[in-house]
Structure formats: C-alpha cells, structure tokens
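Engineer: Could you have a look at this structure, given as structure tokens, before my questions?
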Amino acid sequence: MSLDVSPALLEQAERGEVDEAAFVDCVRTSLPFAWEMISSLVAQLKVDGGEFADNQTPPPDEQARGQLLRALASDAIRGALQRHFGVRLAFQNCHRVAVFPLDPSSDDRLAKFTSIRGQLLNQSPELRDC
C-alpha cells in the first residue's frame with residue numbers, strides 16, 4: 001500500500017466523502033520524503049520568487065524515489081498537494097520536481113517545462129534507469 005491509511009480515514013472513505021485535510025495529513029505522514037521536497041520547493045519559491053522552483057538532485061535511495069513517484073503519479077495525491085500548497089506541480093525523470101505559482105504569468109514557463117522538448121533536454125545517461 002502506498003499510503004498508511006488510518007482505520008478512521010478508511011471508514012470515512014467507505015461512508016462517502018473524505019475530509020481533504022485528513023487526506024493531506026495521511027500523505028504527509030506516509031510520504032515524508034516527497035512531502036519535505038515539495039514543502040521546501042514551495043518555501044524556496046516564496047522566498048526567492050521567480051517563475052518556478054525545482055529540485056535536480058536525485059533522491060538518496062529507492063524508497064525516497066518511490067515516494068516521489070507515488071505522490072506525483074497519483075492524480076488524487078497530486079491534486080490534493082497542489083490545492084494544499086497553492087501551486088502547480090510538474091515532474092520529470094523520477095526526481096525533478098518543480099513547483100509553479102498559480103499565477104497565469106507562469107503558464108509559458110510551465111508549458112516549456114512540461115513540453116516534449118523540455119523532457120528531452122532533461123535526459124542524461126545517468127538517469128536512464130532511475
């Protein structure tokens with residue numbers, strides 16, 4: 001299981017709608033590496049400003065890499081994180097996470113980052129099997 005879901009949260013899901021704050025807390029405690037990386041990028045974006053903030057350092061191990069993949073490959077988790085932090089998330093190569101402000105002025109930069117060209121330019125032999 002990718003998330004450590006408490007019995008109370010599972011019961012909530014079985015009954016119907018789930019409190020998003022409780023879901024976000026489940027993500028925070030289940031995927032601490034991914035949470036910390038996204039949190040620090042959001043803080044960096046707020047402090048430094050600019051069009052986006054990104055991480056280009058591969059995770060320290062496969063467990064950390066798996067957390068990033070689970071967080072960003074799940075539409076539900078990714079969407080909840082974006083709403084919680086008030087950013088748009090982008091992802092490349094199993095480790096390059098970027099946060100973009102919701103402001104439409106970053107739309108062009110986000111489009112470049114997530115483009116086919118952007119993906120190809122971010123390739124390297126070292127990351128082939130990441």
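Identifiers in this document derive from the order of the structure tokens: chains are assigned A, B, ..., residues are numbered from 1 separately in each chain, and ligands are numbered from 1 in order of occurrence.
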Taking 3 positions as the minimum chain separation for residues in the same chain, which residues sit within 10 Å of Asp103 in chain A when counting only C-alpha atoms? Answer as a ChimeraX atom specification.

Structural biologist: /A:51,86-88,100,106-107

Engineer: Let me see the file: selected residues, all heavy atoms, as a short mmCIF file (atom, residue, chain, number, x, y, z; two decimals), in the first residue's frame.

Structural biologist:
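The resulting result_37.cif:
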data_model
loop_
_atom_site.label_atom_id
_atom_site.label_comp_id
_atom_site.auth_asym_id
_atom_site.auth_seq_id
_atom_site.Cartn_x
_atom_site.Cartn_y
_atom_site.Cartn_z
N GLU A 51 9.85 32.35 -11.60
CA GLU A 51 8.81 31.63 -12.32
C GLU A 51 8.52 30.26 -11.74
O GLU A 51 7.41 29.74 -11.88
CB GLU A 51 9.21 31.48 -13.79
CG GLU A 51 9.29 32.82 -14.51
CD GLU A 51 9.74 32.67 -15.95
OE1 GLU A 51 10.71 31.90 -16.20
OE2 GLU A 51 9.13 33.29 -16.81
N GLY A 86 -1.13 25.51 -2.82
CA GLY A 86 -1.47 26.63 -3.70
C GLY A 86 -0.48 26.81 -4.83
O GLY A 86 -0.11 27.93 -5.17
N VAL A 87 -0.02 25.69 -5.40
CA VAL A 87 0.93 25.70 -6.51
C VAL A 87 0.50 24.68 -7.56
O VAL A 87 -0.40 23.89 -7.33
CB VAL A 87 2.37 25.34 -6.04
CG1 VAL A 87 2.90 26.37 -5.06
CG2 VAL A 87 2.43 23.94 -5.46
N ARG A 88 1.19 24.73 -8.68
CA ARG A 88 1.07 23.67 -9.69
C ARG A 88 2.36 22.87 -9.66
O ARG A 88 3.45 23.45 -9.55
CB ARG A 88 0.84 24.28 -11.07
CG ARG A 88 -0.52 24.96 -11.15
CD ARG A 88 -0.77 25.56 -12.49
NE ARG A 88 0.07 26.76 -12.63
CZ ARG A 88 0.08 27.53 -13.70
NH1 ARG A 88 -0.65 27.24 -14.74
NH2 ARG A 88 0.85 28.61 -13.74
N PHE A 100 5.24 25.59 -9.47
CA PHE A 100 4.94 26.81 -10.20
C PHE A 100 3.82 27.54 -9.49
O PHE A 100 2.87 26.90 -9.01
CB PHE A 100 4.49 26.49 -11.63
CG PHE A 100 5.57 25.94 -12.50
CD1 PHE A 100 5.91 24.59 -12.44
CD2 PHE A 100 6.25 26.75 -13.39
CE1 PHE A 100 6.91 24.06 -13.24
CE2 PHE A 100 7.25 26.24 -14.20
CZ PHE A 100 7.59 24.90 -14.12
N SER A 106 3.03 32.43 -15.07
CA SER A 106 3.98 31.31 -15.16
C SER A 106 3.52 30.23 -16.14
O SER A 106 4.19 29.21 -16.29
CB SER A 106 4.21 30.70 -13.78
OG SER A 106 3.03 30.10 -13.31
N ASP A 107 2.41 30.46 -16.82
CA ASP A 107 1.88 29.46 -17.75
C ASP A 107 2.88 29.08 -18.84
O ASP A 107 3.04 27.91 -19.16
CB ASP A 107 0.58 29.93 -18.40
CG ASP A 107 -0.60 29.94 -17.44
OD1 ASP A 107 -0.44 29.45 -16.29
OD2 ASP A 107 -1.66 30.44 -17.83
#

Engineer: Compare A:Arg96, A:Gln44, A:Phe85, A:Lys112 by their minimum atom-to-atom distance to Ala21 in chain A, counting only C-alpha atoms, and give me the closest one.

Structural biologist: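 Between A:Arg96, A:Gln44, A:Phe85, A:Lys112, the residue approaching Ala21 in chain A most closely is A:Phe85.
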
Engineer: If you run DSSP on the backbone, which residues of range 16-125 of chain A are strand (DSSP E or B), as a PyMOL selection string?

Structural biologist: chain A and resi 53-54+87-92+96-101

Engineer: Figure out the distance between CA of Ala34 in chain A and CA of Gln67 in chain A, please, to one decimal in Å.

Structural biologist: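 Distance between the two atoms: 5.6 Å.
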
Engineer: Give me the residues within 8 Å of Phe33 in chain A as a list in words, counting only C-alpha atoms and dropping any in the same chain fewer than 2 places off.

Structural biologist: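 Counting only the stated atoms, we get Leu31, Trp35, Glu36, Met37, Ala64, Gln67 and Leu68 of chain A.
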
Engineer: Can you pull out every residue within 12 Å of Arg65 in chain A, counting only C-alpha atoms, but drop anything in the same chain fewer than 3 positions away, and send it as a VMD selection string?

Structural biologist: chain A and resid 31 to 34 37 57 to 62 68 to 73 93 to 97 129 to 130

Engineer: Suppose you want the space between CA of Leu110 in chain A and CA of Ala76 in chain A; what is it in Å?

Structural biologist: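 Taking CA of Leu110 in chain A as the start and CA of Ala76 in chain A as the end point, the length is 20.3 Å.
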
Engineer: What does the structure give for the distance between CA of Phe113 in chain A and CA of Ala80 in chain A, in Å to one decimal?

Structural biologist: 21.2 Å

Engineer: Would you list the contacts of range 3-7 of chain A as a list in words, taking every protein, DNA or RNA residue within 9 Å and counting only C-alpha atoms, but skipping same-chain residues closer than 5 positions in sequence?

Structural biologist: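 Once the adjacent positions are removed, what remains is Gln12, Phe23, Cys26, Val27, Thr29, Ser30, Leu31 and Arg70 of chain A.
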
Engineer: Create the file for the chosen residues now, containing all heavy atoms and written as a PDB file, in the first residue's frame.

Structural biologist:
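The result, written out as out-v6.pdb:
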ATOM      1  N   GLN A  12     -14.077   6.713   6.825  1.00  0.00           N
ATOM      2  CA  GLN A  12     -14.619   7.928   6.220  1.00  0.00           C
ATOM      3  C   GLN A  12     -14.806   7.722   4.713  1.00  0.00           C
ATOM      4  O   GLN A  12     -15.851   8.075   4.156  1.00  0.00           O
ATOM      5  CB  GLN A  12     -13.646   9.086   6.490  1.00  0.00           C
ATOM      6  CG  GLN A  12     -14.264  10.451   6.500  1.00  0.00           C
ATOM      7  CD  GLN A  12     -13.202  11.497   6.798  1.00  0.00           C
ATOM      8  OE1 GLN A  12     -12.457  11.873   5.894  1.00  0.00           O
ATOM      9  NE2 GLN A  12     -13.145  11.964   8.037  1.00  0.00           N
ATOM     10  N   PHE A  23      -6.867  13.716   4.391  1.00  0.00           N
ATOM     11  CA  PHE A  23      -6.150  13.028   3.322  1.00  0.00           C
ATOM     12  C   PHE A  23      -4.743  13.610   3.153  1.00  0.00           C
ATOM     13  O   PHE A  23      -3.761  12.870   3.043  1.00  0.00           O
ATOM     14  CB  PHE A  23      -6.932  13.125   2.008  1.00  0.00           C
ATOM     15  CG  PHE A  23      -6.234  12.480   0.840  1.00  0.00           C
ATOM     16  CD1 PHE A  23      -6.047  11.111   0.792  1.00  0.00           C
ATOM     17  CD2 PHE A  23      -5.766  13.249  -0.203  1.00  0.00           C
ATOM     18  CE1 PHE A  23      -5.393  10.510  -0.280  1.00  0.00           C
ATOM     19  CE2 PHE A  23      -5.120  12.666  -1.285  1.00  0.00           C
ATOM     20  CZ  PHE A  23      -4.938  11.287  -1.321  1.00  0.00           C
ATOM     21  N   CYS A  26      -2.538  12.377   5.790  1.00  0.00           N
ATOM     22  CA  CYS A  26      -2.161  10.995   5.505  1.00  0.00           C
ATOM     23  C   CYS A  26      -0.999  10.967   4.518  1.00  0.00           C
ATOM     24  O   CYS A  26      -0.040  10.200   4.693  1.00  0.00           O
ATOM     25  CB  CYS A  26      -3.369  10.235   4.956  1.00  0.00           C
ATOM     26  SG  CYS A  26      -3.017   8.541   4.476  1.00  0.00           S
ATOM     27  N   VAL A  27      -1.052  11.798   3.498  1.00  0.00           N
ATOM     28  CA  VAL A  27       0.038  11.889   2.527  1.00  0.00           C
ATOM     29  C   VAL A  27       1.305  12.372   3.219  1.00  0.00           C
ATOM     30  O   VAL A  27       2.392  11.813   3.019  1.00  0.00           O
ATOM     31  CB  VAL A  27      -0.348  12.818   1.351  1.00  0.00           C
ATOM     32  CG1 VAL A  27       0.851  13.102   0.455  1.00  0.00           C
ATOM     33  CG2 VAL A  27      -1.510  12.223   0.547  1.00  0.00           C
ATOM     34  N   THR A  29       2.293  12.096   6.319  1.00  0.00           N
ATOM     35  CA  THR A  29       2.914  11.106   7.198  1.00  0.00           C
ATOM     36  C   THR A  29       3.347   9.842   6.446  1.00  0.00           C
ATOM     37  O   THR A  29       4.293   9.181   6.856  1.00  0.00           O
ATOM     38  CB  THR A  29       1.970  10.726   8.354  1.00  0.00           C
ATOM     39  OG1 THR A  29       0.751  10.198   7.824  1.00  0.00           O
ATOM     40  CG2 THR A  29       1.679  11.939   9.227  1.00  0.00           C
ATOM     41  N   SER A  30       2.681   9.525   5.344  1.00  0.00           N
ATOM     42  CA  SER A  30       3.007   8.322   4.578  1.00  0.00           C
ATOM     43  C   SER A  30       4.180   8.518   3.629  1.00  0.00           C
ATOM     44  O   SER A  30       4.923   7.566   3.348  1.00  0.00           O
ATOM     45  CB  SER A  30       1.801   7.870   3.747  1.00  0.00           C
ATOM     46  OG  SER A  30       0.700   7.563   4.550  1.00  0.00           O
ATOM     47  N   LEU A  31       4.325   9.719   3.100  1.00  0.00           N
ATOM     48  CA  LEU A  31       5.349  10.004   2.094  1.00  0.00           C
ATOM     49  C   LEU A  31       6.211  11.179   2.553  1.00  0.00           C
ATOM     50  O   LEU A  31       6.248  12.239   1.930  1.00  0.00           O
ATOM     51  CB  LEU A  31       4.679  10.320   0.746  1.00  0.00           C
ATOM     52  CG  LEU A  31       3.680   9.278   0.223  1.00  0.00           C
ATOM     53  CD1 LEU A  31       2.977   9.790  -1.023  1.00  0.00           C
ATOM     54  CD2 LEU A  31       4.360   7.946  -0.019  1.00  0.00           C
ATOM     55  N   ARG A  70       4.965   7.911  -6.212  1.00  0.00           N
ATOM     56  CA  ARG A  70       3.596   7.735  -5.712  1.00  0.00           C
ATOM     57  C   ARG A  70       2.888   9.072  -5.565  1.00  0.00           C
ATOM     58  O   ARG A  70       1.725   9.214  -5.927  1.00  0.00           O
ATOM     59  CB  ARG A  70       3.609   6.971  -4.388  1.00  0.00           C
ATOM     60  CG  ARG A  70       3.883   5.495  -4.591  1.00  0.00           C
ATOM     61  CD  ARG A  70       3.618   4.676  -3.350  1.00  0.00           C
ATOM     62  NE  ARG A  70       4.454   4.997  -2.209  1.00  0.00           N
ATOM     63  CZ  ARG A  70       5.684   4.533  -2.024  1.00  0.00           C
ATOM     64  NH1 ARG A  70       6.242   3.747  -2.906  1.00  0.00           N
ATOM     65  NH2 ARG A  70       6.361   4.855  -0.941  1.00  0.00           N
TER      66      ARG A  70
END

Engineer: Tell me which of A:Ile77, A:Leu89, A:Ala98, A:Leu120 sits closest to Ser2 in chain A, counting only C-alpha atoms.

Structural biologist: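 Among the listed residues, the smallest separation from Ser2 in chain A belongs to A:Ile77.
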
Engineer: Give the helix (DSSP H, G or I) residues of range 62-100 of chain A, as DSSP finds them on the backbone, and put them as a VMD selection string.

Structural biologist: chain A and resid 62 to 73 75 to 85

Engineer: Take the residues that were just selected and, keeping N, CA and C atoms, output them as a compact mmCIF listing (two decimals), in the first residue's frame.

Structural biologist:
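Ended up saving to result06.txt:
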# COMPACT_ATOMS: atom_id res chain seq x y z
N GLU A 62 16.02 4.26 -3.19
CA GLU A 62 14.82 3.84 -3.92
C GLU A 62 13.54 4.10 -3.14
N GLN A 63 13.59 4.03 -1.83
CA GLN A 63 12.41 4.33 -1.03
C GLN A 63 11.97 5.78 -1.25
N ALA A 64 12.92 6.69 -1.23
CA ALA A 64 12.60 8.10 -1.46
C ALA A 64 12.10 8.32 -2.88
N ARG A 65 12.73 7.68 -3.83
CA ARG A 65 12.30 7.80 -5.23
C ARG A 65 10.86 7.29 -5.38
N GLY A 66 10.58 6.18 -4.72
CA GLY A 66 9.23 5.62 -4.76
C GLY A 66 8.20 6.58 -4.18
N GLN A 67 8.56 7.30 -3.14
CA GLN A 67 7.63 8.27 -2.56
C GLN A 67 7.30 9.37 -3.56
N LEU A 68 8.32 9.86 -4.25
CA LEU A 68 8.06 10.90 -5.26
C LEU A 68 7.16 10.37 -6.36
N LEU A 69 7.45 9.16 -6.82
CA LEU A 69 6.62 8.58 -7.87
C LEU A 69 5.17 8.42 -7.42
N ARG A 70 4.97 7.91 -6.21
CA ARG A 70 3.60 7.73 -5.71
C ARG A 70 2.89 9.07 -5.56
N ALA A 71 3.58 10.06 -5.04
CA ALA A 71 2.95 11.36 -4.82
C ALA A 71 2.57 12.05 -6.12
N LEU A 72 3.43 11.95 -7.11
CA LEU A 72 3.19 12.73 -8.33
C LEU A 72 2.51 11.94 -9.43
N ALA A 73 2.49 10.63 -9.33
CA ALA A 73 1.80 9.82 -10.34
C ALA A 73 0.32 9.65 -10.01
N ASP A 75 -3.22 11.08 -9.41
CA ASP A 75 -3.98 12.31 -9.63
C ASP A 75 -4.57 12.84 -8.33
N ALA A 76 -5.06 11.94 -7.47
CA ALA A 76 -5.68 12.38 -6.21
C ALA A 76 -4.65 13.02 -5.29
N ILE A 77 -3.50 12.37 -5.14
CA ILE A 77 -2.46 12.90 -4.25
C ILE A 77 -1.91 14.20 -4.82
N ARG A 78 -1.57 14.19 -6.08
CA ARG A 78 -1.01 15.39 -6.71
C ARG A 78 -1.97 16.56 -6.62
N GLY A 79 -3.24 16.31 -6.92
CA GLY A 79 -4.23 17.38 -6.86
C GLY A 79 -4.39 17.93 -5.45
N ALA A 80 -4.42 17.04 -4.46
CA ALA A 80 -4.55 17.48 -3.07
C ALA A 80 -3.34 18.31 -2.65
N LEU A 81 -2.14 17.89 -3.06
CA LEU A 81 -0.94 18.65 -2.73
C LEU A 81 -0.95 20.02 -3.40
N GLN A 82 -1.38 20.08 -4.63
CA GLN A 82 -1.44 21.36 -5.33
C GLN A 82 -2.41 22.31 -4.64
N ARG A 83 -3.57 21.78 -4.26
CA ARG A 83 -4.55 22.64 -3.56
C ARG A 83 -4.03 23.05 -2.19
N HIS A 84 -3.41 22.13 -1.47
CA HIS A 84 -2.90 22.43 -0.13
C HIS A 84 -1.83 23.53 -0.17
N PHE A 85 -0.88 23.39 -1.09
CA PHE A 85 0.22 24.35 -1.16
C PHE A 85 -0.07 25.55 -2.04
